[in-house]
Every structure is written in C-alpha cells, then in structure tokens.
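Reproduced below: structure.cif, with mmCIF, N, CA and C atoms, pLDDT in the B column; chains and numbers go by the auth columns.
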data_coords
#
loop_
_atom_site.group_PDB
_atom_site.id
_atom_site.type_symbol
_atom_site.label_atom_id
_atom_site.label_comp_id
_atom_site.label_asym_id
_atom_site.label_seq_id
_atom_site.Cartn_x
_atom_site.Cartn_y
_atom_site.Cartn_z
_atom_site.B_iso_or_equiv
_atom_site.auth_seq_id
_atom_site.auth_asym_id
ATOM 1 N N MET A 1 -6.697 4.754 10.002 82.00 406 A
ATOM 2 C CA MET A 1 -5.865 4.981 8.851 82.00 406 A
ATOM 3 C C MET A 1 -5.899 6.457 8.525 82.00 406 A
ATOM 4 N N GLU A 2 -4.704 6.980 8.271 86.00 407 A
ATOM 5 C CA GLU A 2 -4.612 8.393 7.957 86.00 407 A
ATOM 6 C C GLU A 2 -3.542 8.601 6.893 86.00 407 A
ATOM 7 N N LEU A 3 -3.891 9.374 5.864 87.00 408 A
ATOM 8 C CA LEU A 3 -2.951 9.720 4.806 87.00 408 A
ATOM 9 C C LEU A 3 -2.680 11.209 4.858 87.00 408 A
ATOM 10 N N PRO A 4 -1.470 11.640 4.481 85.00 409 A
ATOM 11 C CA PRO A 4 -1.188 13.065 4.443 85.00 409 A
ATOM 12 C C PRO A 4 -2.105 13.777 3.443 85.00 409 A
ATOM 13 N N PRO A 5 -2.424 15.053 3.688 86.00 410 A
ATOM 14 C CA PRO A 5 -3.345 15.765 2.791 86.00 410 A
ATOM 15 C C PRO A 5 -2.807 15.938 1.367 86.00 410 A
ATOM 16 N N ASN A 6 -1.492 15.897 1.177 88.00 411 A
ATOM 17 C CA ASN A 6 -0.911 16.091 -0.154 88.00 411 A
ATOM 18 C C ASN A 6 -0.692 14.774 -0.895 88.00 411 A
ATOM 19 N N ALA A 7 -1.141 13.661 -0.340 90.00 412 A
ATOM 20 C CA ALA A 7 -0.931 12.344 -0.953 90.00 412 A
ATOM 21 C C ALA A 7 -1.813 12.190 -2.189 90.00 412 A
ATOM 22 N N ARG A 8 -1.219 11.647 -3.244 94.00 413 A
ATOM 23 C CA ARG A 8 -1.984 11.354 -4.456 94.00 413 A
ATOM 24 C C ARG A 8 -2.311 9.863 -4.445 94.00 413 A
ATOM 25 N N TYR A 9 -3.554 9.520 -4.766 94.00 414 A
ATOM 26 C CA TYR A 9 -3.980 8.126 -4.768 94.00 414 A
ATOM 27 C C TYR A 9 -5.173 7.950 -5.705 94.00 414 A
ATOM 28 N N LYS A 10 -5.433 6.710 -6.064 96.00 415 A
ATOM 29 C CA LYS A 10 -6.622 6.346 -6.823 96.00 415 A
ATOM 30 C C LYS A 10 -7.471 5.464 -5.931 96.00 415 A
ATOM 31 N N VAL A 11 -8.786 5.614 -6.045 95.00 416 A
ATOM 32 C CA VAL A 11 -9.705 4.835 -5.213 95.00 416 A
ATOM 33 C C VAL A 11 -10.501 3.891 -6.104 95.00 416 A
ATOM 34 N N PHE A 12 -10.576 2.644 -5.670 96.00 417 A
ATOM 35 C CA PHE A 12 -11.378 1.626 -6.341 96.00 417 A
ATOM 36 C C PHE A 12 -12.329 1.058 -5.297 96.00 417 A
ATOM 37 N N LYS A 13 -13.581 0.853 -5.669 97.00 418 A
ATOM 38 C CA LYS A 13 -14.557 0.324 -4.721 97.00 418 A
ATOM 39 C C LYS A 13 -15.090 -1.013 -5.216 97.00 418 A
ATOM 40 N N THR A 14 -15.164 -1.962 -4.296 96.00 419 A
ATOM 41 C CA THR A 14 -15.797 -3.249 -4.564 96.00 419 A
ATOM 42 C C THR A 14 -16.959 -3.379 -3.584 96.00 419 A
ATOM 43 N N LYS A 15 -17.655 -4.495 -3.637 96.00 420 A
ATOM 44 C CA LYS A 15 -18.745 -4.695 -2.686 96.00 420 A
ATOM 45 C C LYS A 15 -18.235 -4.775 -1.255 96.00 420 A
ATOM 46 N N LYS A 16 -17.013 -5.288 -1.101 96.00 421 A
ATOM 47 C CA LYS A 16 -16.476 -5.532 0.237 96.00 421 A
ATOM 48 C C LYS A 16 -15.442 -4.492 0.692 96.00 421 A
ATOM 49 N N TYR A 17 -14.655 -3.918 -0.253 95.00 422 A
ATOM 50 C CA TYR A 17 -13.533 -3.060 0.126 95.00 422 A
ATOM 51 C C TYR A 17 -13.522 -1.728 -0.609 95.00 422 A
ATOM 52 N N SER A 18 -12.937 -0.730 0.035 96.00 423 A
ATOM 53 C CA SER A 18 -12.514 0.506 -0.620 96.00 423 A
ATOM 54 C C SER A 18 -11.001 0.408 -0.698 96.00 423 A
ATOM 55 N N ILE A 19 -10.460 0.462 -1.913 96.00 424 A
ATOM 56 C CA ILE A 19 -9.037 0.246 -2.126 96.00 424 A
ATOM 57 C C ILE A 19 -8.387 1.560 -2.526 96.00 424 A
ATOM 58 N N TYR A 20 -7.384 1.976 -1.767 96.00 425 A
ATOM 59 C CA TYR A 20 -6.630 3.188 -2.057 96.00 425 A
ATOM 60 C C TYR A 20 -5.267 2.768 -2.577 96.00 425 A
ATOM 61 N N TYR A 21 -4.975 3.104 -3.836 96.00 426 A
ATOM 62 C CA TYR A 21 -3.662 2.806 -4.419 96.00 426 A
ATOM 63 C C TYR A 21 -2.857 4.092 -4.390 96.00 426 A
ATOM 64 N N LEU A 22 -1.786 4.114 -3.606 95.00 427 A
ATOM 65 C CA LEU A 22 -0.979 5.320 -3.444 95.00 427 A
ATOM 66 C C LEU A 22 -0.079 5.540 -4.650 95.00 427 A
ATOM 67 N N LEU A 23 -0.081 6.762 -5.165 93.00 428 A
ATOM 68 C CA LEU A 23 0.766 7.128 -6.285 93.00 428 A
ATOM 69 C C LEU A 23 2.069 7.769 -5.801 93.00 428 A
ATOM 70 N N ASP A 24 2.084 8.260 -4.578 88.00 429 A
ATOM 71 C CA ASP A 24 3.264 8.886 -3.988 88.00 429 A
ATOM 72 C C ASP A 24 3.803 8.019 -2.867 88.00 429 A
ATOM 73 N N ASP A 25 5.079 8.205 -2.562 87.00 430 A
ATOM 74 C CA ASP A 25 5.691 7.484 -1.452 87.00 430 A
ATOM 75 C C ASP A 25 5.449 8.285 -0.180 87.00 430 A
ATOM 76 N N VAL A 26 4.327 8.009 0.489 90.00 431 A
ATOM 77 C CA VAL A 26 3.965 8.707 1.715 90.00 431 A
ATOM 78 C C VAL A 26 3.815 7.693 2.840 90.00 431 A
ATOM 79 N N GLU A 27 3.847 8.175 4.064 89.00 432 A
ATOM 80 C CA GLU A 27 3.715 7.311 5.234 89.00 432 A
ATOM 81 C C GLU A 27 2.245 7.056 5.533 89.00 432 A
ATOM 82 N N VAL A 28 1.915 5.810 5.763 90.00 433 A
ATOM 83 C CA VAL A 28 0.556 5.420 6.144 90.00 433 A
ATOM 84 C C VAL A 28 0.528 5.373 7.667 90.00 433 A
ATOM 85 N N LYS A 29 -0.323 6.213 8.272 90.00 434 A
ATOM 86 C CA LYS A 29 -0.396 6.269 9.729 90.00 434 A
ATOM 87 C C LYS A 29 -1.564 5.435 10.222 90.00 434 A
ATOM 88 N N GLY A 30 -1.401 4.869 11.386 91.00 435 A
ATOM 89 C CA GLY A 30 -2.432 4.020 11.977 91.00 435 A
ATOM 90 C C GLY A 30 -1.923 2.594 12.084 91.00 435 A
ATOM 91 N N GLU A 31 -2.594 1.811 12.887 93.00 436 A
ATOM 92 C CA GLU A 31 -2.202 0.419 13.105 93.00 436 A
ATOM 93 C C GLU A 31 -3.108 -0.489 12.285 93.00 436 A
ATOM 94 N N PRO A 32 -2.571 -1.086 11.199 94.00 437 A
ATOM 95 C CA PRO A 32 -3.412 -1.954 10.369 94.00 437 A
ATOM 96 C C PRO A 32 -3.725 -3.278 11.061 94.00 437 A
ATOM 97 N N GLU A 33 -4.851 -3.876 10.672 95.00 438 A
ATOM 98 C CA GLU A 33 -5.207 -5.204 11.179 95.00 438 A
ATOM 99 C C GLU A 33 -4.264 -6.249 10.602 95.00 438 A
ATOM 100 N N LYS A 34 -3.923 -6.092 9.312 95.00 439 A
ATOM 101 C CA LYS A 34 -2.971 -6.973 8.633 95.00 439 A
ATOM 102 C C LYS A 34 -2.085 -6.122 7.745 95.00 439 A
ATOM 103 N N LYS A 35 -0.859 -6.601 7.542 94.00 440 A
ATOM 104 C CA LYS A 35 0.077 -5.925 6.650 94.00 440 A
ATOM 105 C C LYS A 35 0.971 -6.997 6.039 94.00 440 A
ATOM 106 N N PHE A 36 1.117 -6.973 4.709 92.00 441 A
ATOM 107 C CA PHE A 36 2.045 -7.903 4.082 92.00 441 A
ATOM 108 C C PHE A 36 2.576 -7.315 2.785 92.00 441 A
ATOM 109 N N ILE A 37 3.690 -7.887 2.306 93.00 442 A
ATOM 110 C CA ILE A 37 4.357 -7.429 1.091 93.00 442 A
ATOM 111 C C ILE A 37 4.270 -8.541 0.058 93.00 442 A
ATOM 112 N N ARG A 38 3.740 -8.207 -1.118 93.00 443 A
ATOM 113 C CA ARG A 38 3.631 -9.152 -2.226 93.00 443 A
ATOM 114 C C ARG A 38 3.792 -8.382 -3.533 93.00 443 A
ATOM 115 N N GLY A 39 4.529 -8.941 -4.462 91.00 444 A
ATOM 116 C CA GLY A 39 4.616 -8.389 -5.811 91.00 444 A
ATOM 117 C C GLY A 39 5.084 -6.956 -5.882 91.00 444 A
ATOM 118 N N GLY A 40 5.995 -6.560 -5.003 91.00 445 A
ATOM 119 C CA GLY A 40 6.513 -5.196 -5.031 91.00 445 A
ATOM 120 C C GLY A 40 5.587 -4.154 -4.429 91.00 445 A
ATOM 121 N N HIS A 41 4.584 -4.585 -3.655 94.00 446 A
ATOM 122 C CA HIS A 41 3.644 -3.676 -3.016 94.00 446 A
ATOM 123 C C HIS A 41 3.454 -4.066 -1.558 94.00 446 A
ATOM 124 N N VAL A 42 3.153 -3.069 -0.736 94.00 447 A
ATOM 125 C CA VAL A 42 2.796 -3.307 0.662 94.00 447 A
ATOM 126 C C VAL A 42 1.284 -3.135 0.761 94.00 447 A
ATOM 127 N N PHE A 43 0.600 -4.106 1.355 95.00 448 A
ATOM 128 C CA PHE A 43 -0.844 -4.076 1.521 95.00 448 A
ATOM 129 C C PHE A 43 -1.159 -3.848 2.995 95.00 448 A
ATOM 130 N N TYR A 44 -1.947 -2.819 3.285 96.00 449 A
ATOM 131 C CA TYR A 44 -2.383 -2.504 4.641 96.00 449 A
ATOM 132 C C TYR A 44 -3.894 -2.720 4.694 96.00 449 A
ATOM 133 N N PHE A 45 -4.378 -3.511 5.652 96.00 450 A
ATOM 134 C CA PHE A 45 -5.806 -3.763 5.801 96.00 450 A
ATOM 135 C C PHE A 45 -6.310 -3.068 7.055 96.00 450 A
ATOM 136 N N PHE A 46 -7.280 -2.172 6.884 95.00 451 A
ATOM 137 C CA PHE A 46 -7.940 -1.453 7.965 95.00 451 A
ATOM 138 C C PHE A 46 -9.439 -1.738 7.859 95.00 451 A
ATOM 139 N N GLY A 47 -9.884 -2.899 8.290 94.00 452 A
ATOM 140 C CA GLY A 47 -11.299 -3.242 8.167 94.00 452 A
ATOM 141 C C GLY A 47 -11.690 -3.381 6.710 94.00 452 A
ATOM 142 N N SER A 48 -12.613 -2.535 6.256 95.00 453 A
ATOM 143 C CA SER A 48 -13.072 -2.597 4.872 95.00 453 A
ATOM 144 C C SER A 48 -12.272 -1.671 3.947 95.00 453 A
ATOM 145 N N VAL A 49 -11.184 -1.107 4.457 95.00 454 A
ATOM 146 C CA VAL A 49 -10.312 -0.241 3.663 95.00 454 A
ATOM 147 C C VAL A 49 -8.970 -0.937 3.470 95.00 454 A
ATOM 148 N N VAL A 50 -8.506 -0.967 2.207 96.00 455 A
ATOM 149 C CA VAL A 50 -7.207 -1.541 1.882 96.00 455 A
ATOM 150 C C VAL A 50 -6.366 -0.434 1.254 96.00 455 A
ATOM 151 N N VAL A 51 -5.150 -0.257 1.755 95.00 456 A
ATOM 152 C CA VAL A 51 -4.215 0.712 1.186 95.00 456 A
ATOM 153 C C VAL A 51 -3.080 -0.080 0.551 95.00 456 A
ATOM 154 N N ILE A 52 -2.797 0.209 -0.721 96.00 457 A
ATOM 155 C CA ILE A 52 -1.727 -0.466 -1.447 96.00 457 A
ATOM 156 C C ILE A 52 -0.657 0.561 -1.771 96.00 457 A
ATOM 157 N N LYS A 53 0.566 0.272 -1.334 94.00 458 A
ATOM 158 C CA LYS A 53 1.684 1.198 -1.519 94.00 458 A
ATOM 159 C C LYS A 53 2.810 0.468 -2.249 94.00 458 A
ATOM 160 N N PRO A 54 3.247 0.992 -3.417 93.00 459 A
ATOM 161 C CA PRO A 54 4.394 0.367 -4.093 93.00 459 A
ATOM 162 C C PRO A 54 5.645 0.454 -3.229 93.00 459 A
ATOM 163 N N VAL A 55 6.457 -0.593 -3.268 90.00 460 A
ATOM 164 C CA VAL A 55 7.719 -0.609 -2.532 90.00 460 A
ATOM 165 C C VAL A 55 8.731 0.209 -3.324 90.00 460 A
ATOM 166 N N LYS A 56 9.468 1.056 -2.618 79.00 461 A
ATOM 167 C CA LYS A 56 10.500 1.849 -3.291 79.00 461 A
ATOM 168 C C LYS A 56 11.535 0.926 -3.907 79.00 461 A
ATOM 169 N N GLU A 57 12.014 1.280 -5.103 66.00 462 A
ATOM 170 C CA GLU A 57 12.989 0.446 -5.801 66.00 462 A
ATOM 171 C C GLU A 57 14.277 0.291 -5.006 66.00 462 A
ATOM 172 N N SER A 58 14.693 1.333 -4.314 56.00 463 A
ATOM 173 C CA SER A 58 15.961 1.275 -3.583 56.00 463 A
ATOM 174 C C SER A 58 15.887 0.321 -2.397 56.00 463 A
ATOM 175 N N SER A 59 14.667 0.051 -1.895 47.00 464 A
ATOM 176 C CA SER A 59 14.548 -0.833 -0.734 47.00 464 A
ATOM 177 C C SER A 59 14.251 -2.279 -1.134 47.00 464 A
ATOM 178 N N GLN A 60 14.035 -2.534 -2.418 47.00 465 A
ATOM 179 C CA GLN A 60 13.767 -3.893 -2.836 47.00 465 A
ATOM 180 C C GLN A 60 15.050 -4.713 -2.788 47.00 465 A
ATOM 181 N N VAL A 61 14.925 -5.946 -2.382 53.00 466 A
ATOM 182 C CA VAL A 61 16.063 -6.844 -2.335 53.00 466 A
ATOM 183 C C VAL A 61 16.298 -7.383 -3.738 53.00 466 A
ATOM 184 N N GLN A 62 17.546 -7.224 -4.209 51.00 467 A
ATOM 185 C CA GLN A 62 17.869 -7.725 -5.535 51.00 467 A
ATOM 186 C C GLN A 62 18.562 -9.075 -5.410 51.00 467 A
ATOM 187 N N GLU A 63 18.191 -9.986 -6.300 52.00 468 A
ATOM 188 C CA GLU A 63 18.746 -11.321 -6.258 52.00 468 A
ATOM 189 C C GLU A 63 20.172 -11.298 -6.795 52.00 468 A
ATOM 190 N N VAL A 64 21.076 -11.942 -6.080 51.00 469 A
ATOM 191 C CA VAL A 64 22.480 -12.013 -6.488 51.00 469 A
ATOM 192 C C VAL A 64 22.667 -13.281 -7.307 51.00 469 A
ATOM 193 N N PRO A 65 23.212 -13.160 -8.536 54.00 470 A
ATOM 194 C CA PRO A 65 23.400 -14.374 -9.324 54.00 470 A
ATOM 195 C C PRO A 65 24.400 -15.317 -8.661 54.00 470 A
ATOM 196 N N SER A 66 24.087 -16.609 -8.709 52.00 471 A
ATOM 197 C CA SER A 66 24.991 -17.584 -8.100 52.00 471 A
ATOM 198 C C SER A 66 26.083 -17.977 -9.104 52.00 471 A
ATOM 199 N N ALA A 67 27.253 -18.236 -8.569 48.00 472 A
ATOM 200 C CA ALA A 67 28.407 -18.552 -9.436 48.00 472 A
ATOM 201 C C ALA A 67 28.499 -20.021 -9.732 48.00 472 A
#
Transcribe the structure of this file into structure tokens.
Amino acid sequence: MELPPNARYKVFKTKKYSIYYLLDDVEVKGEPEKKFIRGGHVFYFFGSVVVIKPVKESSQVQEVPSA
C-alpha cells in the first residue's frame, strides 16, 4: 500500500487494524487483499492496514424515481 506524500488522512488504531481515513481524493497504489464499496466509501484491506476512501459524489449512482 502506498499513498502520495501530499495525501491528507487521519489514522485510527485498534488492536487488530491501523485504519487510514483519506481526507483527499488520491489514488491508493498497491494490490489490496480485499476491496469493497459500502455506505459511500471504498474499503481497501492490506493485511492489518485498512484504507477508507470516500466515493466522489460525481461517481455515485443516483436513484431514478419510478413513475
């Protein structure tokens, strides 16, 4: 896992994981063990490191009201 040097993030530590919550829309480099999208965020799992990246609003799918 590699983040750009100018990336802003917050770090949270638990007994099992180090969690990096990205504040900027930056590219996460490396091949994660698992990756999934839930609740408007992308979760990347790299062993004991988890990177959480908010999904950009423009890329979110908006629900079309049914007629």
Result set of the PyMOL selection byres (((chain A and resi 431 and name CA) around 9) and name CA) on the coordinates above, as a JSON list (two decimals) with N, CA and C atoms, keeping the file's coordinate frame:
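Result went into out.json, see below:
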[["chain", "number", "residue", "atom", "x", "y", "z"],
["A", 408, "LEU", "N", -3.89, 9.37, 5.86],
["A", 408, "LEU", "CA", -2.95, 9.72, 4.81],
["A", 408, "LEU", "C", -2.68, 11.21, 4.86],
["A", 409, "PRO", "N", -1.47, 11.64, 4.48],
["A", 409, "PRO", "CA", -1.19, 13.06, 4.44],
["A", 409, "PRO", "C", -2.10, 13.78, 3.44],
["A", 412, "ALA", "N", -1.14, 13.66, -0.34],
["A", 412, "ALA", "CA", -0.93, 12.34, -0.95],
["A", 412, "ALA", "C", -1.81, 12.19, -2.19],
["A", 413, "ARG", "N", -1.22, 11.65, -3.24],
["A", 413, "ARG", "CA", -1.98, 11.35, -4.46],
["A", 413, "ARG", "C", -2.31, 9.86, -4.44],
["A", 427, "LEU", "N", -1.79, 4.11, -3.61],
["A", 427, "LEU", "CA", -0.98, 5.32, -3.44],
["A", 427, "LEU", "C", -0.08, 5.54, -4.65],
["A", 428, "LEU", "N", -0.08, 6.76, -5.16],
["A", 428, "LEU", "CA", 0.77, 7.13, -6.28],
["A", 428, "LEU", "C", 2.07, 7.77, -5.80],
["A", 429, "ASP", "N", 2.08, 8.26, -4.58],
["A", 429, "ASP", "CA", 3.26, 8.89, -3.99],
["A", 429, "ASP", "C", 3.80, 8.02, -2.87],
["A", 430, "ASP", "N", 5.08, 8.20, -2.56],
["A", 430, "ASP", "CA", 5.69, 7.48, -1.45],
["A", 430, "ASP", "C", 5.45, 8.28, -0.18],
["A", 432, "GLU", "N", 3.85, 8.18, 4.06],
["A", 432, "GLU", "CA", 3.72, 7.31, 5.23],
["A", 432, "GLU", "C", 2.24, 7.06, 5.53],
["A", 433, "VAL", "N", 1.92, 5.81, 5.76],
["A", 433, "VAL", "CA", 0.56, 5.42, 6.14],
["A", 433, "VAL", "C", 0.53, 5.37, 7.67],
["A", 458, "LYS", "N", 0.57, 0.27, -1.33],
["A", 458, "LYS", "CA", 1.68, 1.20, -1.52],
["A", 458, "LYS", "C", 2.81, 0.47, -2.25]]
Spatial neighbours of A:Tyr425, max dist 7 Å, all atoms listed in the file, sep filter under 6 positions, as a ChimeraX atom specification: /A:414-417,454-458
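Between atom CA of A:Pro437 and atom CA of A:Phe450 the interatomic distance comes to 5.5 Å.
For the atom pair formed by atom C of A:Ile442 and atom C of A:Val460, the distance is 10.4 Å, given to one decimal.
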As AutoDock Vina command-line options: centre and edge lengths in Å, one decimal, of the axis-aligned box holding stretch 437-450 of chain A with 6 Å per side:
--center_x 0.1 --center_y -5.1 --center_z 2.7 --size_x 24.8 --size_y 20.1 --size_z 29.1
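The gap separating atom CA of A:Lys461 from atom CA of A:Gly445 is 8.3 Å, in Å to one decimal.
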Per-residue DSSP, chain A, filtered to strand (DSSP E), as a PyMOL selection string: chain A and resi 414-418+423-427+439-443+446-451+454-459
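Of the residues listed (A:Ser453, A:Met406, A:Phe448, A:Lys440), A:Ser453 shows the shortest atom-to-atom separation from A:Lys418; distances use only C-alpha atoms.
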N, CA, C and O atoms modelled onto stretch 412-431 of chain A, as a JSON list (two decimals), in the frame of the given file:
[["chain", "number", "residue", "atom", "x", "y", "z"],
["A", 412, "ALA", "N", -1.14, 13.66, -0.34],
["A", 412, "ALA", "CA", -0.93, 12.34, -0.95],
["A", 412, "ALA", "C", -1.81, 12.19, -2.19],
["A", 412, "ALA", "O", -2.98, 12.55, -2.18],
["A", 413, "ARG", "N", -1.22, 11.65, -3.24],
["A", 413, "ARG", "CA", -1.98, 11.35, -4.46],
["A", 413, "ARG", "C", -2.31, 9.86, -4.44],
["A", 413, "ARG", "O", -1.45, 9.04, -4.15],
["A", 414, "TYR", "N", -3.55, 9.52, -4.77],
["A", 414, "TYR", "CA", -3.98, 8.13, -4.77],
["A", 414, "TYR", "C", -5.17, 7.95, -5.70],
["A", 414, "TYR", "O", -5.82, 8.92, -6.10],
["A", 415, "LYS", "N", -5.43, 6.71, -6.06],
["A", 415, "LYS", "CA", -6.62, 6.35, -6.82],
["A", 415, "LYS", "C", -7.47, 5.46, -5.93],
["A", 415, "LYS", "O", -6.95, 4.67, -5.16],
["A", 416, "VAL", "N", -8.79, 5.61, -6.04],
["A", 416, "VAL", "CA", -9.70, 4.84, -5.21],
["A", 416, "VAL", "C", -10.50, 3.89, -6.10],
["A", 416, "VAL", "O", -11.01, 4.29, -7.15],
["A", 417, "PHE", "N", -10.58, 2.64, -5.67],
["A", 417, "PHE", "CA", -11.38, 1.63, -6.34],
["A", 417, "PHE", "C", -12.33, 1.06, -5.30],
["A", 417, "PHE", "O", -11.94, 0.83, -4.16],
["A", 418, "LYS", "N", -13.58, 0.85, -5.67],
["A", 418, "LYS", "CA", -14.56, 0.32, -4.72],
["A", 418, "LYS", "C", -15.09, -1.01, -5.22],
["A", 418, "LYS", "O", -15.39, -1.18, -6.39],
["A", 419, "THR", "N", -15.16, -1.96, -4.30],
["A", 419, "THR", "CA", -15.80, -3.25, -4.56],
["A", 419, "THR", "C", -16.96, -3.38, -3.58],
["A", 419, "THR", "O", -17.19, -2.48, -2.77],
["A", 420, "LYS", "N", -17.66, -4.50, -3.64],
["A", 420, "LYS", "CA", -18.74, -4.70, -2.69],
["A", 420, "LYS", "C", -18.24, -4.78, -1.25],
["A", 420, "LYS", "O", -18.91, -4.39, -0.32],
["A", 421, "LYS", "N", -17.01, -5.29, -1.10],
["A", 421, "LYS", "CA", -16.48, -5.53, 0.24],
["A", 421, "LYS", "C", -15.44, -4.49, 0.69],
["A", 421, "LYS", "O", -15.34, -4.20, 1.87],
["A", 422, "TYR", "N", -14.66, -3.92, -0.25],
["A", 422, "TYR", "CA", -13.53, -3.06, 0.13],
["A", 422, "TYR", "C", -13.52, -1.73, -0.61],
["A", 422, "TYR", "O", -14.00, -1.63, -1.74],
["A", 423, "SER", "N", -12.94, -0.73, 0.04],
["A", 423, "SER", "CA", -12.51, 0.51, -0.62],
["A", 423, "SER", "C", -11.00, 0.41, -0.70],
["A", 423, "SER", "O", -10.32, 0.27, 0.33],
["A", 424, "ILE", "N", -10.46, 0.46, -1.91],
["A", 424, "ILE", "CA", -9.04, 0.25, -2.13],
["A", 424, "ILE", "C", -8.39, 1.56, -2.53],
["A", 424, "ILE", "O", -8.81, 2.19, -3.50],
["A", 425, "TYR", "N", -7.38, 1.98, -1.77],
["A", 425, "TYR", "CA", -6.63, 3.19, -2.06],
["A", 425, "TYR", "C", -5.27, 2.77, -2.58],
["A", 425, "TYR", "O", -4.49, 2.15, -1.85],
["A", 426, "TYR", "N", -4.97, 3.10, -3.84],
["A", 426, "TYR", "CA", -3.66, 2.81, -4.42],
["A", 426, "TYR", "C", -2.86, 4.09, -4.39],
["A", 426, "TYR", "O", -3.20, 5.07, -5.06],
["A", 427, "LEU", "N", -1.79, 4.11, -3.61],
["A", 427, "LEU", "CA", -0.98, 5.32, -3.44],
["A", 427, "LEU", "C", -0.08, 5.54, -4.65],
["A", 427, "LEU", "O", 0.59, 4.62, -5.11],
["A", 428, "LEU", "N", -0.08, 6.76, -5.16],
["A", 428, "LEU", "CA", 0.77, 7.13, -6.28],
["A", 428, "LEU", "C", 2.07, 7.77, -5.80],
["A", 428, "LEU", "O", 3.04, 7.83, -6.55],
["A", 429, "ASP", "N", 2.08, 8.26, -4.58],
["A", 429, "ASP", "CA", 3.26, 8.89, -3.99],
["A", 429, "ASP", "C", 3.80, 8.02, -2.87],
["A", 429, "ASP", "O", 3.08, 7.21, -2.28],
["A", 430, "ASP", "N", 5.08, 8.20, -2.56],
["A", 430, "ASP", "CA", 5.69, 7.48, -1.45],
["A", 430, "ASP", "C", 5.45, 8.28, -0.18],
["A", 430, "ASP", "O", 6.22, 9.17, 0.18],
["A", 431, "VAL", "N", 4.33, 8.01, 0.49],
["A", 431, "VAL", "CA", 3.96, 8.71, 1.72],
["A", 431, "VAL", "C", 3.82, 7.69, 2.84],
["A", 431, "VAL", "O", 3.66, 6.49, 2.60]]
